[in-house]
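**Q** Structure provided below as structure tokens; questions to follow.
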Amino acid sequence: MSTLSRLELRQHILRLNRLDPVRADYAHLKRTYASIVDGIRLVVGKTLSTETLFRARVERTQPFTHVHELESPPAERVTGYQRCNGPGEPMFYASSKRMTALHEVRSQIGDIVYLSQWMVKEPIPVNRIFEADQLSDLPGGLTDYEESVFSHFDTLFTRRIHDTFSDDYKFTSAITDAITKNFTPHPSEDIREDRTVGIRYPSVVDIGGGYNTALDPAFIGARVNILHVMKLRVDAVAGNEMSCHVLDNAHTFTDGRINWTSDPTAIPAIRPPNAVGFMFDGQKWNLQLHVGEPSAEDLRRLLSE
């Protein structure tokens, strides 16, 4: 049972909807959303054991040579707000599809983009309140209060925001803080002493087609491993379609360094139906690679997989 009444919730949401994002106090927003979710049911479930995450980074100045350059940036470089984080609070953002990841970084013609593929070492707890089937499984169904809260959250998380309006992300960032932290440690869900879970939410650039996952940077390395990186040049962008060509690939990493192969053909193999596309060598999982010279259609299918 929430500590707020439905009337108090309605008053909170009305005030939030009318706030000027630029002038809104972020610390106050965090406290407000913490009070809104206090006492309600959240849906935390674990990712699949074979969960694959895709992350894109655009090259701005010089080629990437180390894995940390593909991860979330250091806290001192996070100066604005993003969908799930505030200044000084980096998050690791990844997508469920390669094409979704490319669109999420707003790739443009001529961009050099590093498209990395990651695999969870073991299922990771994530908040799944944006998945309708997960909410429908709550015992007794949603209460009116929960319905109002989750509808408000969904409206904000599916709103397109121009990349120059960082302050508009204050609301979703504050919501993320309220629903990913301060959980009671739970061994069966693998919620550890950091009391933190990830969050899964719909992609605004690929509604209905892909979703995103945001994780605390501490999860990377400890709970998520990198498998492969493709270095791409974007050739064309038309709506949800994008064509690229491969400049290089890496599928091994030594002491944090990306071992570029100088082989543009060493792309991941397209997953066979009902298969995971990984091989275990006795020590770690490796990604299956394409055999032979990939065609433009092979690459298109891979990026759209």
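Ordering of the structure tokens sets the chain letters (A, B, ...); residue numbers start at 1 within each chain; ligands are numbered from 1 in the order shown.
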Write out as a tab-separated table a residue-level contact list of range 212-277 of chain A versus range 160-179 of chain A with cut-off 12 Å: for each qualifying residue the closest pair of atoms and the distance in Å to one decimal, counting only C-alpha atoms, rows sorted by chain and residue number upward.
**A**
residue	atom	partner	partner_atom	distance
A:Thr213	CA	A:Thr176	CA	11.5
A:Ala214	CA	A:Thr176	CA	9.3
A:Leu215	CA	A:Thr176	CA	10.5
A:Asp216	CA	A:Asp177	CA	10.8
**Q** Hey, what's within 6 Å of Ile112 in chain A if we count only C-alpha atoms and toss same-chain stuff fewer than 4 positions away? As a PyMOL selection string, please?
**A** chain A and resi 58-59+232-233
**Q** Considering only C-alpha atoms, tabulate each residue of range 80-126 of chain A that lies at most 12 Å from range 184-198 of chain A along with its nearest interatomic pair and the corresponding distance in Å to one decimal; arrange the rows by chain and ascending residue number and present them as JSON lines.
**A**
{"residue": "A:Cys84", "atom": "CA", "partner": "A:Gly198", "partner_atom": "CA", "distance": 10.1}
{"residue": "A:Asn85", "atom": "CA", "partner": "A:Gly198", "partner_atom": "CA", "distance": 12.0}
{"residue": "A:Met91", "atom": "CA", "partner": "A:Gly198", "partner_atom": "CA", "distance": 9.5}
{"residue": "A:Phe92", "atom": "CA", "partner": "A:Gly198", "partner_atom": "CA", "distance": 9.5}
{"residue": "A:Tyr93", "atom": "CA", "partner": "A:Gly198", "partner_atom": "CA", "distance": 10.1}
{"residue": "A:Ala94", "atom": "CA", "partner": "A:Gly198", "partner_atom": "CA", "distance": 11.1}
{"residue": "A:Glu122", "atom": "CA", "partner": "A:Asp190", "partner_atom": "CA", "distance": 9.4}
{"residue": "A:Pro123", "atom": "CA", "partner": "A:Asp190", "partner_atom": "CA", "distance": 8.1}
{"residue": "A:Ile124", "atom": "CA", "partner": "A:Asp190", "partner_atom": "CA", "distance": 7.0}
{"residue": "A:Pro125", "atom": "CA", "partner": "A:Val197", "partner_atom": "CA", "distance": 5.4}
{"residue": "A:Val126", "atom": "CA", "partner": "A:Gly198", "partner_atom": "CA", "distance": 4.2}
**Q** Under the rule that only C-alpha atoms are counted, which of A:His66, A:Asp154, A:Gly88, A:Ala132 is the nearest residue to Thr252 in chain A?
**A**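 Among A:His66, A:Asp154, A:Gly88, A:Ala132, it is A:His66 that comes nearest to Thr252 in chain A.
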**Q** Quick one, how far is CA of Asp38 in chain A from CA of Glu147 in chain A?
**A**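 Here the two named atoms are 14.6 Å from each other.
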**Q** Go through range 54-119 of chain A and collect every residue that DSSP, computed from the backbone, puts in strand (DSSP E or B); the answer should be as a PyMOL selection string.
**A** chain A and resi 54-58+66+82+85+92-95+112-119
**Q** Would you mind exporting N, CA and C atoms of the selected residues as a PDB file, in the first residue's frame?
**A**
ATOM      1  N   PHE A  54      23.579  -4.658 -27.022  1.00  0.00           N
ATOM      2  CA  PHE A  54      24.316  -3.961 -28.071  1.00  0.00           C
ATOM      3  C   PHE A  54      24.454  -2.490 -27.689  1.00  0.00           C
ATOM      4  N   ARG A  55      25.656  -1.976 -27.875  1.00  0.00           N
ATOM      5  CA  ARG A  55      25.937  -0.594 -27.512  1.00  0.00           C
ATOM      6  C   ARG A  55      26.717   0.067 -28.641  1.00  0.00           C
ATOM      7  N   ALA A  56      26.347   1.296 -28.990  1.00  0.00           N
ATOM      8  CA  ALA A  56      27.024   2.026 -30.056  1.00  0.00           C
ATOM      9  C   ALA A  56      27.689   3.275 -29.500  1.00  0.00           C
ATOM     10  N   ARG A  57      28.859   3.587 -30.024  1.00  0.00           N
ATOM     11  CA  ARG A  57      29.569   4.816 -29.702  1.00  0.00           C
ATOM     12  C   ARG A  57      30.071   5.436 -31.002  1.00  0.00           C
ATOM     13  N   VAL A  58      29.872   6.731 -31.154  1.00  0.00           N
ATOM     14  CA  VAL A  58      30.338   7.442 -32.339  1.00  0.00           C
ATOM     15  C   VAL A  58      31.744   7.983 -32.086  1.00  0.00           C
ATOM     16  N   HIS A  66      40.664   0.912 -26.579  1.00  0.00           N
ATOM     17  CA  HIS A  66      40.479   0.210 -25.304  1.00  0.00           C
ATOM     18  C   HIS A  66      38.993  -0.004 -25.009  1.00  0.00           C
ATOM     19  N   GLN A  82      20.574  12.519 -19.007  1.00  0.00           N
ATOM     20  CA  GLN A  82      20.188  11.587 -20.044  1.00  0.00           C
ATOM     21  C   GLN A  82      18.954  10.834 -19.566  1.00  0.00           C
ATOM     22  N   ASN A  85      19.935   9.003 -16.236  1.00  0.00           N
ATOM     23  CA  ASN A  85      20.981   9.464 -15.308  1.00  0.00           C
ATOM     24  C   ASN A  85      21.078  10.978 -15.285  1.00  0.00           C
ATOM     25  N   PHE A  92      25.384   2.643 -18.056  1.00  0.00           N
ATOM     26  CA  PHE A  92      25.724   1.864 -19.244  1.00  0.00           C
ATOM     27  C   PHE A  92      24.431   1.603 -19.995  1.00  0.00           C
ATOM     28  N   TYR A  93      24.287   2.237 -21.175  1.00  0.00           N
ATOM     29  CA  TYR A  93      23.091   2.074 -21.986  1.00  0.00           C
ATOM     30  C   TYR A  93      23.357   1.054 -23.089  1.00  0.00           C
ATOM     31  N   ALA A  94      22.407   0.152 -23.289  1.00  0.00           N
ATOM     32  CA  ALA A  94      22.529  -0.829 -24.354  1.00  0.00           C
ATOM     33  C   ALA A  94      21.141  -1.128 -24.914  1.00  0.00           C
ATOM     34  N   SER A  95      21.123  -1.721 -26.096  1.00  0.00           N
ATOM     35  CA  SER A  95      19.861  -2.008 -26.781  1.00  0.00           C
ATOM     36  C   SER A  95      19.733  -3.498 -27.064  1.00  0.00           C
ATOM     37  N   ILE A 112      31.695   7.409 -38.059  1.00  0.00           N
ATOM     38  CA  ILE A 112      32.366   6.157 -37.714  1.00  0.00           C
ATOM     39  C   ILE A 112      31.774   5.709 -36.382  1.00  0.00           C
ATOM     40  N   VAL A 113      31.141   4.542 -36.380  1.00  0.00           N
ATOM     41  CA  VAL A 113      30.432   4.061 -35.199  1.00  0.00           C
ATOM     42  C   VAL A 113      31.004   2.717 -34.764  1.00  0.00           C
ATOM     43  N   TYR A 114      31.213   2.571 -33.474  1.00  0.00           N
ATOM     44  CA  TYR A 114      31.689   1.320 -32.890  1.00  0.00           C
ATOM     45  C   TYR A 114      30.484   0.614 -32.277  1.00  0.00           C
ATOM     46  N   LEU A 115      30.119  -0.509 -32.871  1.00  0.00           N
ATOM     47  CA  LEU A 115      28.955  -1.273 -32.430  1.00  0.00           C
ATOM     48  C   LEU A 115      29.440  -2.498 -31.669  1.00  0.00           C
ATOM     49  N   SER A 116      29.279  -2.452 -30.357  1.00  0.00           N
ATOM     50  CA  SER A 116      29.793  -3.535 -29.516  1.00  0.00           C
ATOM     51  C   SER A 116      28.677  -4.455 -29.059  1.00  0.00           C
ATOM     52  N   GLN A 117      29.028  -5.718 -28.881  1.00  0.00           N
ATOM     53  CA  GLN A 117      28.094  -6.750 -28.428  1.00  0.00           C
ATOM     54  C   GLN A 117      28.581  -7.302 -27.097  1.00  0.00           C
ATOM     55  N   TRP A 118      27.659  -7.396 -26.138  1.00  0.00           N
ATOM     56  CA  TRP A 118      27.977  -7.798 -24.778  1.00  0.00           C
ATOM     57  C   TRP A 118      27.062  -8.946 -24.359  1.00  0.00           C
ATOM     58  N   MET A 119      27.556  -9.783 -23.454  1.00  0.00           N
ATOM     59  CA  MET A 119      26.776 -10.920 -22.962  1.00  0.00           C
ATOM     60  C   MET A 119      26.815 -10.930 -21.441  1.00  0.00           C
TER      61      MET A 119
END
**Q** CA of Gln288 in chain A to CA of Pro73 in chain A: how many Å, to one decimal?
**A**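 Value for the CA of Gln288 in chain A-CA of Pro73 in chain A distance: 28.8 Å.
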**Q** Using Å and a single decimal, report how far CA of Leu29 in chain A sits from CA of Pro74 in chain A.
**A**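 Computed distance, CA of Pro74 in chain A to CA of Leu29 in chain A, equals 23.9 Å.
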**Q** Among the residues of range 139-188 of chain A, find those DSSP assigns to helix (DSSP H, G or I) from the backbone and print them as a PDB file with N, CA and C atoms, in the first residue's frame.
**A**
ATOM      1  N   ASP A 144      -5.620   1.012  -8.803  1.00  0.00           N
ATOM      2  CA  ASP A 144      -5.818   2.284  -9.502  1.00  0.00           C
ATOM      3  C   ASP A 144      -4.610   3.197  -9.313  1.00  0.00           C
ATOM      4  N   TYR A 145      -4.036   3.166  -8.118  1.00  0.00           N
ATOM      5  CA  TYR A 145      -2.862   3.988  -7.821  1.00  0.00           C
ATOM      6  C   TYR A 145      -1.694   3.560  -8.710  1.00  0.00           C
ATOM      7  N   GLU A 146      -1.431   2.241  -8.768  1.00  0.00           N
ATOM      8  CA  GLU A 146      -0.328   1.736  -9.587  1.00  0.00           C
ATOM      9  C   GLU A 146      -0.564   2.036 -11.056  1.00  0.00           C
ATOM     10  N   GLU A 147      -1.798   1.899 -11.507  1.00  0.00           N
ATOM     11  CA  GLU A 147      -2.121   2.205 -12.907  1.00  0.00           C
ATOM     12  C   GLU A 147      -1.776   3.648 -13.243  1.00  0.00           C
ATOM     13  N   SER A 148      -2.082   4.568 -12.341  1.00  0.00           N
ATOM     14  CA  SER A 148      -1.785   5.986 -12.568  1.00  0.00           C
ATOM     15  C   SER A 148      -0.277   6.241 -12.591  1.00  0.00           C
ATOM     16  N   VAL A 149       0.438   5.618 -11.664  1.00  0.00           N
ATOM     17  CA  VAL A 149       1.893   5.806 -11.591  1.00  0.00           C
ATOM     18  C   VAL A 149       2.569   5.268 -12.847  1.00  0.00           C
ATOM     19  N   PHE A 150       2.245   4.030 -13.224  1.00  0.00           N
ATOM     20  CA  PHE A 150       2.917   3.417 -14.361  1.00  0.00           C
ATOM     21  C   PHE A 150       2.535   4.102 -15.670  1.00  0.00           C
ATOM     22  N   SER A 151       1.311   4.611 -15.774  1.00  0.00           N
ATOM     23  CA  SER A 151       0.911   5.354 -16.963  1.00  0.00           C
ATOM     24  C   SER A 151       1.714   6.655 -17.071  1.00  0.00           C
ATOM     25  N   HIS A 152       1.910   7.335 -15.960  1.00  0.00           N
ATOM     26  CA  HIS A 152       2.718   8.558 -15.929  1.00  0.00           C
ATOM     27  C   HIS A 152       4.161   8.251 -16.330  1.00  0.00           C
ATOM     28  N   PHE A 153       4.729   7.181 -15.780  1.00  0.00           N
ATOM     29  CA  PHE A 153       6.100   6.798 -16.113  1.00  0.00           C
ATOM     30  C   PHE A 153       6.223   6.480 -17.601  1.00  0.00           C
ATOM     31  N   ASP A 154       5.273   5.702 -18.134  1.00  0.00           N
ATOM     32  CA  ASP A 154       5.342   5.288 -19.531  1.00  0.00           C
ATOM     33  C   ASP A 154       5.265   6.500 -20.464  1.00  0.00           C
ATOM     34  N   THR A 155       4.418   7.468 -20.123  1.00  0.00           N
ATOM     35  CA  THR A 155       4.295   8.677 -20.937  1.00  0.00           C
ATOM     36  C   THR A 155       5.625   9.406 -21.024  1.00  0.00           C
ATOM     37  N   LEU A 156       6.328   9.513 -19.897  1.00  0.00           N
ATOM     38  CA  LEU A 156       7.594  10.231 -19.884  1.00  0.00           C
ATOM     39  C   LEU A 156       8.706   9.459 -20.599  1.00  0.00           C
ATOM     40  N   PHE A 157       8.742   8.147 -20.411  1.00  0.00           N
ATOM     41  CA  PHE A 157       9.827   7.358 -20.994  1.00  0.00           C
ATOM     42  C   PHE A 157       9.678   7.156 -22.497  1.00  0.00           C
ATOM     43  N   SER A 166      18.716  18.712 -22.690  1.00  0.00           N
ATOM     44  CA  SER A 166      19.124  17.765 -21.647  1.00  0.00           C
ATOM     45  C   SER A 166      18.242  17.853 -20.404  1.00  0.00           C
ATOM     46  N   ASP A 167      17.798  19.059 -20.034  1.00  0.00           N
ATOM     47  CA  ASP A 167      17.027  19.211 -18.800  1.00  0.00           C
ATOM     48  C   ASP A 167      15.698  18.461 -18.834  1.00  0.00           C
ATOM     49  N   ASP A 168      15.161  18.201 -20.032  1.00  0.00           N
ATOM     50  CA  ASP A 168      13.907  17.459 -20.126  1.00  0.00           C
ATOM     51  C   ASP A 168      14.041  16.028 -19.606  1.00  0.00           C
ATOM     52  N   TYR A 169      15.279  15.540 -19.518  1.00  0.00           N
ATOM     53  CA  TYR A 169      15.514  14.193 -19.000  1.00  0.00           C
ATOM     54  C   TYR A 169      15.520  14.140 -17.461  1.00  0.00           C
ATOM     55  N   LYS A 170      15.391  15.276 -16.802  1.00  0.00           N
ATOM     56  CA  LYS A 170      15.419  15.270 -15.334  1.00  0.00           C
ATOM     57  C   LYS A 170      14.369  14.325 -14.762  1.00  0.00           C
ATOM     58  N   PHE A 171      13.201  14.289 -15.404  1.00  0.00           N
ATOM     59  CA  PHE A 171      12.092  13.513 -14.864  1.00  0.00           C
ATOM     60  C   PHE A 171      12.350  12.011 -14.963  1.00  0.00           C
ATOM     61  N   THR A 172      12.741  11.533 -16.156  1.00  0.00           N
ATOM     62  CA  THR A 172      12.999  10.095 -16.293  1.00  0.00           C
ATOM     63  C   THR A 172      14.235   9.678 -15.506  1.00  0.00           C
ATOM     64  N   SER A 173      15.199  10.576 -15.395  1.00  0.00           N
ATOM     65  CA  SER A 173      16.384  10.274 -14.595  1.00  0.00           C
ATOM     66  C   SER A 173      16.020  10.114 -13.123  1.00  0.00           C
ATOM     67  N   ALA A 174      15.159  11.013 -12.625  1.00  0.00           N
ATOM     68  CA  ALA A 174      14.732  10.927 -11.229  1.00  0.00           C
ATOM     69  C   ALA A 174      13.888   9.675 -10.991  1.00  0.00           C
ATOM     70  N   ILE A 175      13.055   9.308 -11.979  1.00  0.00           N
ATOM     71  CA  ILE A 175      12.265   8.077 -11.864  1.00  0.00           C
ATOM     72  C   ILE A 175      13.195   6.869 -11.789  1.00  0.00           C
ATOM     73  N   THR A 176      14.204   6.839 -12.671  1.00  0.00           N
ATOM     74  CA  THR A 176      15.158   5.728 -12.676  1.00  0.00           C
ATOM     75  C   THR A 176      15.822   5.578 -11.312  1.00  0.00           C
ATOM     76  N   ASP A 177      16.218   6.691 -10.721  1.00  0.00           N
ATOM     77  CA  ASP A 177      16.842   6.653  -9.404  1.00  0.00           C
ATOM     78  C   ASP A 177      15.907   6.010  -8.385  1.00  0.00           C
ATOM     79  N   ALA A 178      14.603   6.314  -8.491  1.00  0.00           N
ATOM     80  CA  ALA A 178      13.632   5.813  -7.514  1.00  0.00           C
ATOM     81  C   ALA A 178      13.340   4.326  -7.671  1.00  0.00           C
ATOM     82  N   ILE A 179      13.497   3.800  -8.895  1.00  0.00           N
ATOM     83  CA  ILE A 179      13.083   2.412  -9.120  1.00  0.00           C
ATOM     84  C   ILE A 179      14.242   1.457  -9.422  1.00  0.00           C
ATOM     85  N   THR A 180      15.476   1.921  -9.238  1.00  0.00           N
ATOM     86  CA  THR A 180      16.627   1.022  -9.434  1.00  0.00           C
ATOM     87  C   THR A 180      17.547   0.942  -8.215  1.00  0.00           C
ATOM     88  N   PRO A 187      18.806 -12.883  -2.649  1.00  0.00           N
ATOM     89  CA  PRO A 187      19.648 -13.860  -3.336  1.00  0.00           C
ATOM     90  C   PRO A 187      18.995 -14.484  -4.563  1.00  0.00           C
ATOM     91  N   SER A 188      17.725 -14.846  -4.508  1.00  0.00           N
ATOM     92  CA  SER A 188      17.108 -15.532  -5.642  1.00  0.00           C
ATOM     93  C   SER A 188      16.982 -14.628  -6.864  1.00  0.00           C
TER      94      SER A 188
END
